[in-house]
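Structure data follow from run-v3.cif (mmCIF, C-alpha atoms; chains and numbers go by the auth columns):
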```
data_entry
loop_
_atom_site.group_PDB
_atom_site.id
_atom_site.type_symbol
_atom_site.label_atom_id
_atom_site.label_comp_id
_atom_site.label_asym_id
_atom_site.label_seq_id
_atom_site.Cartn_x
_atom_site.Cartn_y
_atom_site.Cartn_z
_atom_site.B_iso_or_equiv
_atom_site.auth_seq_id
_atom_site.auth_asym_id
ATOM 1 C CA MET A 1 104.401 75.820 12.346 0.00 179 J
ATOM 2 C CA ARG A 2 101.083 76.280 14.197 0.00 180 J
ATOM 3 C CA ARG A 3 101.319 72.721 15.524 0.00 181 J
ATOM 4 C CA ILE A 4 104.840 73.390 16.884 0.00 182 J
ATOM 5 C CA VAL A 5 103.774 76.627 18.574 0.00 183 J
ATOM 6 C CA THR A 6 100.748 74.898 20.116 0.00 184 J
ATOM 7 C CA SER A 7 102.927 72.121 21.524 0.00 185 J
ATOM 8 C CA LEU A 8 105.296 74.657 23.117 0.00 186 J
ATOM 9 C CA LEU A 9 102.594 76.712 24.861 0.00 187 J
ATOM 10 C CA PRO A 10 102.016 74.267 27.755 0.00 188 J
ATOM 11 C CA LEU A 11 105.760 74.257 28.443 0.00 189 J
ATOM 12 C CA LEU A 12 105.924 78.047 28.577 0.00 190 J
ATOM 13 C CA ILE A 13 102.909 78.262 30.881 0.00 191 J
ATOM 14 C CA ALA A 14 104.111 75.537 33.236 0.00 192 J
ATOM 15 C CA ALA A 15 107.793 76.535 33.250 0.00 193 J
ATOM 16 C CA PRO A 16 107.604 79.315 35.886 0.00 194 J
ATOM 17 C CA LEU A 17 105.872 76.874 38.247 0.00 195 J
ATOM 18 C CA MET A 18 108.745 74.367 38.034 0.00 196 J
ATOM 19 C CA GLY A 19 111.547 76.618 39.247 0.00 197 J
ATOM 20 C CA GLN A 20 112.990 80.096 39.247 0.00 198 J
ATOM 21 C CA THR A 21 112.840 82.111 36.041 0.00 199 J
ATOM 22 C CA THR A 22 115.975 84.144 35.307 0.00 200 J
ATOM 23 C CA LEU A 23 116.951 87.129 33.181 0.00 201 J
ATOM 24 C CA GLY A 24 120.333 87.027 31.442 0.00 202 J
ATOM 25 C CA LEU A 25 122.198 90.114 30.208 0.00 203 J
ATOM 26 C CA ARG A 26 125.084 89.073 27.971 0.00 204 J
ATOM 27 C CA GLY A 27 127.659 90.568 25.611 0.00 205 J
ATOM 28 C CA GLY A 28 130.902 89.585 23.986 0.00 206 J
ATOM 29 C CA VAL A 29 133.000 89.189 20.878 0.00 207 J
ATOM 30 C CA SER A 30 132.478 87.111 17.765 0.00 208 J
ATOM 31 C CA GLN A 31 134.060 85.787 14.599 0.00 209 J
ATOM 32 C CA ALA A 32 131.939 85.405 11.471 0.00 210 J
ATOM 33 C CA THR A 33 132.519 83.728 8.111 0.00 211 J
ATOM 34 C CA VAL A 34 130.363 82.322 5.336 0.00 212 J
ATOM 35 C CA SER A 35 130.293 79.020 3.489 0.00 213 J
ATOM 36 C CA ASP A 36 132.767 78.620 0.623 0.00 214 J
ATOM 37 C CA VAL A 37 132.214 81.040 -2.264 0.00 215 J
ATOM 38 C CA ALA A 38 133.297 80.306 -5.832 0.00 216 J
ATOM 39 C CA GLY A 39 136.216 82.487 -6.946 0.00 217 J
ATOM 40 C CA ALA A 40 137.127 83.503 -3.396 0.00 218 J
ATOM 41 C CA SER A 41 140.002 82.225 -1.273 0.00 219 J
ATOM 42 C CA ASP A 42 141.872 82.941 1.948 0.00 220 J
ATOM 43 C CA GLN A 43 138.717 83.835 3.830 0.00 221 J
ATOM 44 C CA ASP A 44 139.270 85.935 6.943 0.00 222 J
ATOM 45 C CA PRO A 45 136.575 86.158 9.615 0.00 223 J
ATOM 46 C CA ARG A 46 134.898 89.408 10.508 0.00 224 J
ATOM 47 C CA GLN A 47 135.684 90.362 14.082 0.00 225 J
ATOM 48 C CA GLY A 48 132.528 91.713 15.674 0.00 226 J
ATOM 49 C CA VAL A 49 130.441 92.063 18.788 0.00 227 J
ATOM 50 C CA VAL A 50 127.293 90.439 20.089 0.00 228 J
ATOM 51 C CA ALA A 51 124.956 91.743 22.794 0.00 229 J
ATOM 52 C CA GLY A 52 121.544 90.713 24.026 0.00 230 J
ATOM 53 C CA LEU A 53 119.279 89.422 26.744 0.00 231 J
ATOM 54 C CA ASP A 54 117.340 86.236 27.439 0.00 232 J
ATOM 55 C CA ILE A 55 114.759 84.764 29.790 0.00 233 J
ATOM 56 C CA ALA A 56 115.256 81.188 30.996 0.00 234 J
ATOM 57 C CA PHE A 57 112.362 78.992 32.125 0.00 235 J
ATOM 58 C CA PRO A 58 113.299 75.881 34.146 0.00 236 J
ATOM 59 C CA LEU A 59 111.786 72.702 32.732 0.00 237 J
ATOM 60 C CA ALA A 60 113.464 70.319 35.188 0.00 238 J
ATOM 61 C CA SER A 61 116.165 70.467 37.854 0.00 239 J
ATOM 62 C CA THR A 62 118.964 70.545 35.259 0.00 240 J
ATOM 63 C CA VAL A 63 117.080 71.570 32.088 0.00 241 J
ATOM 64 C CA GLU A 64 115.873 75.025 31.076 0.00 242 J
ATOM 65 C CA LEU A 65 114.541 76.761 27.973 0.00 243 J
ATOM 66 C CA ARG A 66 116.416 79.976 27.213 0.00 244 J
ATOM 67 C CA ILE A 67 114.550 82.380 24.909 0.00 245 J
ATOM 68 C CA GLY A 68 116.615 85.371 23.860 0.00 246 J
ATOM 69 C CA GLY A 69 117.274 88.173 21.446 0.00 247 J
ATOM 70 C CA ALA A 70 120.599 89.674 20.426 0.00 248 J
ATOM 71 C CA TYR A 71 122.402 92.042 18.100 0.00 249 J
ATOM 72 C CA ALA A 72 125.018 90.155 16.078 0.00 250 J
ATOM 73 C CA GLN A 73 127.639 91.310 13.587 0.00 251 J
ATOM 74 C CA LYS A 74 128.365 88.862 10.776 0.00 252 J
ATOM 75 C CA GLY A 75 130.197 88.868 7.452 0.00 253 J
ATOM 76 C CA THR A 76 133.560 87.936 5.982 0.00 254 J
ATOM 77 C CA SER A 77 136.590 89.122 4.061 0.00 255 J
ATOM 78 C CA SER A 78 138.280 87.142 1.281 0.00 256 J
ATOM 79 C CA SER A 79 140.617 87.405 -1.678 0.00 257 J
ATOM 80 C CA VAL A 80 138.918 87.471 -5.077 0.00 258 J
ATOM 81 C CA ASP A 81 140.527 86.600 -8.418 0.00 259 J
ATOM 82 C CA LEU A 82 139.529 89.397 -10.798 0.00 260 J
ATOM 83 C CA ALA A 83 140.666 87.588 -13.961 0.00 261 J
ATOM 84 C CA SER A 84 137.158 86.276 -14.581 0.00 262 J
ATOM 85 C CA GLU A 85 135.962 89.888 -14.666 0.00 263 J
ATOM 86 C CA GLY A 86 138.586 90.913 -17.225 0.00 264 J
ATOM 87 C CA PHE A 87 140.952 92.565 -14.742 0.00 265 J
ATOM 88 C CA ALA A 88 144.456 91.616 -13.692 0.00 266 J
ATOM 89 C CA GLY A 89 145.341 90.979 -10.081 0.00 267 J
ATOM 90 C CA VAL A 90 143.564 90.016 -6.925 0.00 268 J
ATOM 91 C CA GLY A 91 141.142 92.087 -4.889 0.00 269 J
ATOM 92 C CA THR A 92 139.872 91.888 -1.335 0.00 270 J
ATOM 93 C CA ALA A 93 136.105 91.673 -0.928 0.00 271 J
ATOM 94 C CA THR A 94 134.552 92.461 2.439 0.00 272 J
ATOM 95 C CA VAL A 95 130.950 92.019 3.522 0.00 273 J
ATOM 96 C CA GLU A 96 129.684 93.367 6.845 0.00 274 J
ATOM 97 C CA ALA A 97 126.117 92.443 7.780 0.00 275 J
ATOM 98 C CA ASP A 98 124.398 93.323 11.048 0.00 276 J
ATOM 99 C CA TRP A 99 121.462 91.266 12.304 0.00 277 J
ATOM 100 C CA VAL A 100 118.976 91.136 15.156 0.00 278 J
ATOM 101 C CA GLN A 101 118.683 87.505 16.175 0.00 279 J
ATOM 102 C CA ALA A 102 116.197 85.501 18.257 0.00 280 J
ATOM 103 C CA SER A 103 116.879 82.040 19.655 0.00 281 J
ATOM 104 C CA ALA A 104 115.276 79.289 21.729 0.00 282 J
ATOM 105 C CA LEU A 105 118.043 77.215 23.278 0.00 283 J
ATOM 106 C CA ALA A 106 117.695 74.258 25.579 0.00 284 J
ATOM 107 C CA ARG A 107 120.341 74.202 28.308 0.00 285 J
ATOM 108 C CA ILE A 108 121.194 70.886 29.949 0.00 286 J
ATOM 109 C CA GLY A 109 123.612 71.316 32.811 0.00 287 J
ATOM 110 C CA THR A 110 124.917 70.083 36.114 0.00 288 J
ATOM 111 C CA PRO A 111 123.048 71.050 39.307 0.00 289 J
ATOM 112 C CA ARG A 112 123.741 74.541 40.643 0.00 290 J
ATOM 113 C CA ASP A 113 123.867 73.367 44.273 0.00 291 J
ATOM 114 C CA GLY A 114 127.661 73.550 44.355 0.00 292 J
ATOM 115 C CA GLY A 115 127.735 77.162 43.208 0.00 293 J
ATOM 116 C CA MET A 116 128.908 76.376 39.667 0.00 294 J
ATOM 117 C CA SER A 117 127.090 74.704 36.796 0.00 295 J
ATOM 118 C CA ILE A 118 128.448 73.494 33.447 0.00 296 J
ATOM 119 C CA GLY A 119 125.946 73.062 30.633 0.00 297 J
ATOM 120 C CA LEU A 120 125.393 72.352 26.952 0.00 298 J
ATOM 121 C CA LEU A 121 123.229 74.546 24.705 0.00 299 J
ATOM 122 C CA LEU A 122 121.309 73.522 21.590 0.00 300 J
ATOM 123 C CA GLY A 123 118.418 74.967 19.631 0.00 301 J
ATOM 124 C CA PRO A 124 117.136 76.966 16.657 0.00 302 J
ATOM 125 C CA TRP A 125 117.614 80.645 15.883 0.00 303 J
ATOM 126 C CA ALA A 126 116.259 83.153 13.369 0.00 304 J
ATOM 127 C CA ALA A 127 117.645 86.546 12.370 0.00 305 J
ATOM 128 C CA SER A 128 116.417 89.667 10.614 0.00 306 J
ATOM 129 C CA LEU A 129 118.824 91.799 8.569 0.00 307 J
ATOM 130 C CA LEU A 130 119.479 95.327 9.814 0.00 308 J
ATOM 131 C CA SER A 131 122.079 96.418 7.265 0.00 309 J
ATOM 132 C CA CYS A 132 124.619 95.037 4.815 0.00 310 J
ATOM 133 C CA ASP A 133 127.671 96.798 3.362 0.00 311 J
ATOM 134 C CA ALA A 134 130.072 95.396 0.769 0.00 312 J
ATOM 135 C CA SER A 135 133.436 96.759 -0.328 0.00 313 J
ATOM 136 C CA LEU A 136 136.122 95.798 -2.836 0.00 314 J
ATOM 137 C CA SER A 137 139.694 96.971 -2.625 0.00 315 J
ATOM 138 C CA VAL A 138 142.338 96.400 -5.315 0.00 316 J
ATOM 139 C CA ASP A 139 146.068 96.923 -4.909 0.00 317 J
ATOM 140 C CA GLY A 140 147.181 98.952 -7.920 0.00 318 J
ATOM 141 C CA GLY A 141 150.885 98.734 -7.155 0.00 319 J
ATOM 142 C CA GLU A 142 152.646 102.047 -7.762 0.00 320 J
ATOM 143 C CA GLN A 143 149.314 103.709 -8.434 0.00 321 J
ATOM 144 C CA GLY A 144 148.147 102.780 -4.934 0.00 322 J
ATOM 145 C CA SER A 145 145.070 100.904 -3.861 0.00 323 J
ATOM 146 C CA VAL A 146 141.537 101.583 -5.037 0.00 324 J
ATOM 147 C CA SER A 147 138.472 100.859 -2.928 0.00 325 J
ATOM 148 C CA GLN A 148 134.750 101.000 -3.614 0.00 326 J
ATOM 149 C CA SER A 149 131.853 100.282 -1.263 0.00 327 J
ATOM 150 C CA ALA A 150 128.107 99.961 -1.610 0.00 328 J
ATOM 151 C CA SER A 151 125.053 98.717 0.231 0.00 329 J
ATOM 152 C CA CYS A 152 124.262 95.027 -0.252 0.00 330 J
ATOM 153 C CA ASP A 153 120.844 95.158 1.434 0.00 331 J
ATOM 154 C CA ASP A 154 119.002 94.376 -1.819 0.00 332 J
ATOM 155 C CA ALA A 155 121.297 91.432 -2.598 0.00 333 J
ATOM 156 C CA THR A 156 120.888 89.831 0.833 0.00 334 J
ATOM 157 C CA LYS A 157 117.891 87.904 2.086 0.00 335 J
ATOM 158 C CA SER A 158 116.226 89.733 4.943 0.00 336 J
ATOM 159 C CA ILE A 159 115.649 86.574 7.031 0.00 337 J
ATOM 160 C CA ASP A 160 118.181 83.943 8.057 0.00 338 J
ATOM 161 C CA TYR A 161 117.783 80.943 10.346 0.00 339 J
ATOM 162 C CA GLY A 162 119.716 77.924 11.540 0.00 340 J
ATOM 163 C CA ILE A 163 120.933 75.834 14.456 0.00 341 J
ATOM 164 C CA ALA A 164 123.093 76.928 17.384 0.00 342 J
ATOM 165 C CA ALA A 165 125.141 74.750 19.715 0.00 343 J
ATOM 166 C CA GLY A 166 127.558 75.539 22.483 0.00 344 J
ATOM 167 C CA ALA A 167 128.668 75.172 26.064 0.00 345 J
ATOM 168 C CA GLY A 168 128.936 77.416 29.074 0.00 346 J
ATOM 169 C CA LEU A 169 129.323 77.727 32.797 0.00 347 J
ATOM 170 C CA GLU A 170 127.604 79.724 35.509 0.00 348 J
ATOM 171 C CA MET A 171 129.084 80.697 38.867 0.00 349 J
ATOM 172 C CA ALA A 172 127.253 82.021 41.903 0.00 350 J
ATOM 173 C CA VAL A 173 128.221 85.568 42.838 0.00 351 J
ATOM 174 C CA SER A 174 125.948 86.852 45.604 0.00 352 J
ATOM 175 C CA GLY A 175 122.293 87.320 46.460 0.00 353 J
ATOM 176 C CA GLY A 176 121.135 84.878 43.799 0.00 354 J
ATOM 177 C CA LEU A 177 123.144 86.580 41.064 0.00 355 J
ATOM 178 C CA ARG A 178 125.253 84.366 38.808 0.00 356 J
ATOM 179 C CA LEU A 179 128.046 85.067 36.359 0.00 357 J
ATOM 180 C CA GLY A 180 127.654 83.246 33.030 0.00 358 J
ATOM 181 C CA VAL A 181 130.137 82.580 30.227 0.00 359 J
ATOM 182 C CA ASP A 182 129.035 80.875 26.980 0.00 360 J
ATOM 183 C CA LEU A 183 130.748 79.812 23.760 0.00 361 J
ATOM 184 C CA ILE A 184 128.132 79.390 21.000 0.00 362 J
ATOM 185 C CA TYR A 185 128.459 78.413 17.326 0.00 363 J
ATOM 186 C CA SER A 186 125.600 79.352 14.986 0.00 364 J
ATOM 187 C CA LEU A 187 125.223 77.533 11.675 0.00 365 J
ATOM 188 C CA GLY A 188 123.081 79.253 9.043 0.00 366 J
ATOM 189 C CA LEU A 189 120.887 77.068 6.844 0.00 367 J
ATOM 190 C CA VAL A 190 119.639 79.721 4.392 0.00 368 J
ATOM 191 C CA ASN A 191 121.295 80.873 1.186 0.00 369 J
ATOM 192 C CA ILE A 192 121.417 84.569 2.052 0.00 370 J
ATOM 193 C CA ASP A 193 122.478 85.611 -1.463 0.00 371 J
ATOM 194 C CA ASP A 194 119.241 87.024 -2.892 0.00 372 J
ATOM 195 C CA THR A 195 120.750 87.247 -6.375 0.00 373 J
ATOM 196 C CA SER A 196 120.862 83.419 -6.565 0.00 374 J
ATOM 197 C CA MET A 197 124.380 83.640 -8.035 0.00 375 J
ATOM 198 C CA GLU A 198 126.051 81.939 -5.072 0.00 376 J
ATOM 199 C CA ASP A 199 125.122 79.589 -2.237 0.00 377 J
ATOM 200 C CA ILE A 200 126.241 81.626 0.772 0.00 378 J
ATOM 201 C CA LYS A 201 125.395 80.612 4.337 0.00 379 J
ATOM 202 C CA THR A 202 126.413 82.327 7.557 0.00 380 J
ATOM 203 C CA ARG A 203 128.783 80.941 10.189 0.00 381 J
ATOM 204 C CA HIS A 204 129.115 82.671 13.568 0.00 382 J
ATOM 205 C CA LEU A 205 131.149 81.900 16.698 0.00 383 J
ATOM 206 C CA SER A 206 130.604 84.043 19.794 0.00 384 J
ATOM 207 C CA LEU A 207 132.143 84.207 23.255 0.00 385 J
ATOM 208 C CA GLN A 208 129.747 85.893 25.673 0.00 386 J
ATOM 209 C CA ALA A 209 129.827 86.827 29.328 0.00 387 J
ATOM 210 C CA GLY A 210 127.164 88.389 31.517 0.00 388 J
ATOM 211 C CA ILE A 211 125.056 88.258 34.610 0.00 389 J
ATOM 212 C CA VAL A 212 122.033 86.051 35.336 0.00 390 J
ATOM 213 C CA ILE A 213 119.397 87.678 37.553 0.00 391 J
ATOM 214 C CA PRO A 214 116.655 85.694 39.351 0.00 392 J
ATOM 215 C CA LEU A 215 113.091 86.885 38.733 0.00 393 J
ATOM 216 C CA GLY A 216 110.353 86.457 41.308 0.00 394 J
ATOM 217 C CA GLY A 217 110.729 84.514 44.502 0.00 395 J
#
```
Mind turning this structure into structure tokens?
Amino acid sequence: MRRIVTSLLPLLIAAPLMGQTTLGLRGGVSQATVSDVAGASDQDPRQGVVAGLDIAFPLASTVELRIGGAYAQKGTSSSVDLASEGFAGVGTATVEADWVQASALARIGTPRDGGMSIGLLLGPWAASLLSCDASLSVDGGEQGSVSQSASCDDATKSIDYGIAAGAGLEMAVSGGLRLGVDLIYSLGLVNIDDTSMEDIKTRHLSLQAGIVIPLGG
């Protein structure tokens, strides 16, 4: 890790000298799921929000390093067969986990001379767990439905990381300001189940829009 950080330092120091550094303020909507879980089916994504900011350092005329932080809502909802637990019927299990996420994405795009630039994004990310809530609801027929919820903080790893990839476009607005729209898919590489009973990894798709502000001259 120290060797990687050391190799990145010259890029960060030289980046502002190679072009204009920018600040991006972005927000949007997301869909989150997890990798397949034994005993669960019909997985439905959690609809959530994502919001954050980033600083982009130009590395070349069409390449920049975008370092950012964001608040991201992840989780899932799926049907669970309760027969293995000695109960009849099917329940719906829902997990809602909120994270603060940092990323370092390389953006390779077309020149911005024409007022609009289309680019591809790729790079690593890491996230720290803020909170996790789990709930189980069972349809009891004539007796009605029964629901229970509890914190799943202790059953969830506090750190997650993975790879993100996406695409986006930026359009000139006025006075150096640009409007940016990005579609980014984040693939988790960590088994976030701290009980070691399952192999659960996060999946997150976000659509973000925001403004890009030039910094300095």
* To do: Rounded to one decimal place, report the CA of Gln221 (chain J)-CA of Gly253 (chain J) distance in Å.
  =>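 Between CA of Gln221 (chain J) and CA of Gly253 (chain J) the gap is 10.5 Å.
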* **Contact residues around Val359 (chain J) with all atoms listed in the file at 9 Å, ignoring same-chain residues under 4 positions, as a list in words** =>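 Returned residues: Arg204, Ala345, Gly346, Leu347, Glu348, Met349, Leu385, Gln386, Ala387, Gly388 and Ile389 of chain J.
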* List the residues matched by the PyMOL selection byres ((chain J and resi 350-352) around 12) in the displayed structure as a PyMOL selection string, ordered by chain and then by residue number. => chain J and resi 290-295+347-349+353-358+388-392
* So which residues are close to (130.0, 94.0, 10.7), meaning at most 7 Å away in the file's coordinates with only C-alpha atoms counted, and can you show them as a VMD selection string? -> chain J and resid 224 226 251 to 253 274 to 276
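Minimum atom-to-atom distance to Tyr339 (chain J), evaluated using only C-alpha atoms, belongs to J:Ala304 out of J:Ala282, J:Ala304, J:Leu201, J:Val316.
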* To do: Provide the CA of Leu243 (chain J) to CA of Ala305 (chain J) distance in Å, to one decimal place.
  => 18.7 Å
Once N, CA, C and O atoms are restored for region 369-386 of chain J, what would the output be as a PDB file, in the coordinates of the input?
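Output contents, as saved in result_27.pdb:
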```pdb
ATOM      1  N   ASN J 369     120.466  80.171   2.156  1.00  0.00           N
ATOM      2  CA  ASN J 369     121.295  80.873   1.186  1.00  0.00           C
ATOM      3  C   ASN J 369     120.911  82.350   1.240  1.00  0.00           C
ATOM      4  O   ASN J 369     119.848  82.736   0.769  1.00  0.00           O
ATOM      5  N   ILE J 370     121.778  83.167   1.840  1.00  0.00           N
ATOM      6  CA  ILE J 370     121.417  84.569   2.052  1.00  0.00           C
ATOM      7  C   ILE J 370     121.688  85.441   0.833  1.00  0.00           C
ATOM      8  O   ILE J 370     121.394  86.640   0.859  1.00  0.00           O
ATOM      9  N   ASP J 371     122.252  84.859  -0.230  1.00  0.00           N
ATOM     10  CA  ASP J 371     122.478  85.611  -1.463  1.00  0.00           C
ATOM     11  C   ASP J 371     121.162  85.694  -2.244  1.00  0.00           C
ATOM     12  O   ASP J 371     120.727  84.721  -2.846  1.00  0.00           O
ATOM     13  N   ASP J 372     120.549  86.858  -2.250  1.00  0.00           N
ATOM     14  CA  ASP J 372     119.241  87.024  -2.892  1.00  0.00           C
ATOM     15  C   ASP J 372     119.343  87.146  -4.408  1.00  0.00           C
ATOM     16  O   ASP J 372     118.325  87.206  -5.087  1.00  0.00           O
ATOM     17  N   THR J 373     120.579  87.192  -4.931  1.00  0.00           N
ATOM     18  CA  THR J 373     120.750  87.247  -6.375  1.00  0.00           C
ATOM     19  C   THR J 373     120.765  85.852  -6.989  1.00  0.00           C
ATOM     20  O   THR J 373     120.770  85.710  -8.209  1.00  0.00           O
ATOM     21  N   SER J 374     120.831  84.819  -6.134  1.00  0.00           N
ATOM     22  CA  SER J 374     120.862  83.419  -6.565  1.00  0.00           C
ATOM     23  C   SER J 374     122.093  83.084  -7.401  1.00  0.00           C
ATOM     24  O   SER J 374     122.113  82.091  -8.131  1.00  0.00           O
ATOM     25  N   MET J 375     123.147  83.898  -7.295  1.00  0.00           N
ATOM     26  CA  MET J 375     124.380  83.640  -8.035  1.00  0.00           C
ATOM     27  C   MET J 375     125.330  82.740  -7.239  1.00  0.00           C
ATOM     28  O   MET J 375     126.178  82.063  -7.804  1.00  0.00           O
ATOM     29  N   GLU J 376     125.192  82.738  -5.939  1.00  0.00           N
ATOM     30  CA  GLU J 376     126.051  81.939  -5.072  1.00  0.00           C
ATOM     31  C   GLU J 376     125.187  81.234  -4.037  1.00  0.00           C
ATOM     32  O   GLU J 376     124.019  81.568  -3.839  1.00  0.00           O
ATOM     33  N   ASP J 377     125.784  80.252  -3.364  1.00  0.00           N
ATOM     34  CA  ASP J 377     125.122  79.589  -2.237  1.00  0.00           C
ATOM     35  C   ASP J 377     125.911  79.969  -0.988  1.00  0.00           C
ATOM     36  O   ASP J 377     126.894  79.325  -0.641  1.00  0.00           O
ATOM     37  N   ILE J 378     125.498  81.051  -0.343  1.00  0.00           N
ATOM     38  CA  ILE J 378     126.241  81.626   0.772  1.00  0.00           C
ATOM     39  C   ILE J 378     125.434  81.456   2.054  1.00  0.00           C
ATOM     40  O   ILE J 378     124.295  81.918   2.146  1.00  0.00           O
ATOM     41  N   LYS J 379     126.048  80.832   3.053  1.00  0.00           N
ATOM     42  CA  LYS J 379     125.395  80.612   4.337  1.00  0.00           C
ATOM     43  C   LYS J 379     126.288  81.127   5.457  1.00  0.00           C
ATOM     44  O   LYS J 379     127.506  81.025   5.389  1.00  0.00           O
ATOM     45  N   THR J 380     125.659  81.685   6.488  1.00  0.00           N
ATOM     46  CA  THR J 380     126.413  82.327   7.557  1.00  0.00           C
ATOM     47  C   THR J 380     126.992  81.314   8.535  1.00  0.00           C
ATOM     48  O   THR J 380     126.432  80.245   8.773  1.00  0.00           O
ATOM     49  N   ARG J 381     128.128  81.693   9.121  1.00  0.00           N
ATOM     50  CA  ARG J 381     128.783  80.941  10.189  1.00  0.00           C
ATOM     51  C   ARG J 381     129.179  81.959  11.253  1.00  0.00           C
ATOM     52  O   ARG J 381     129.745  83.002  10.933  1.00  0.00           O
ATOM     53  N   HIS J 382     128.907  81.665  12.515  1.00  0.00           N
ATOM     54  CA  HIS J 382     129.115  82.671  13.568  1.00  0.00           C
ATOM     55  C   HIS J 382     129.515  81.998  14.878  1.00  0.00           C
ATOM     56  O   HIS J 382     128.839  81.099  15.363  1.00  0.00           O
ATOM     57  N   LEU J 383     130.659  82.418  15.421  1.00  0.00           N
ATOM     58  CA  LEU J 383     131.149  81.900  16.698  1.00  0.00           C
ATOM     59  C   LEU J 383     131.257  83.059  17.673  1.00  0.00           C
ATOM     60  O   LEU J 383     131.920  84.063  17.387  1.00  0.00           O
ATOM     61  N   SER J 384     130.603  82.942  18.827  1.00  0.00           N
ATOM     62  CA  SER J 384     130.604  84.043  19.794  1.00  0.00           C
ATOM     63  C   SER J 384     131.034  83.557  21.174  1.00  0.00           C
ATOM     64  O   SER J 384     130.718  82.440  21.588  1.00  0.00           O
ATOM     65  N   LEU J 385     131.765  84.421  21.860  1.00  0.00           N
ATOM     66  CA  LEU J 385     132.143  84.207  23.255  1.00  0.00           C
ATOM     67  C   LEU J 385     131.478  85.309  24.063  1.00  0.00           C
ATOM     68  O   LEU J 385     131.782  86.489  23.878  1.00  0.00           O
ATOM     69  N   GLN J 386     130.540  84.920  24.940  1.00  0.00           N
ATOM     70  CA  GLN J 386     129.747  85.893  25.673  1.00  0.00           C
ATOM     71  C   GLN J 386     129.919  85.730  27.178  1.00  0.00           C
ATOM     72  O   GLN J 386     130.099  84.613  27.671  1.00  0.00           O
TER      73      GLN J 386
END
```
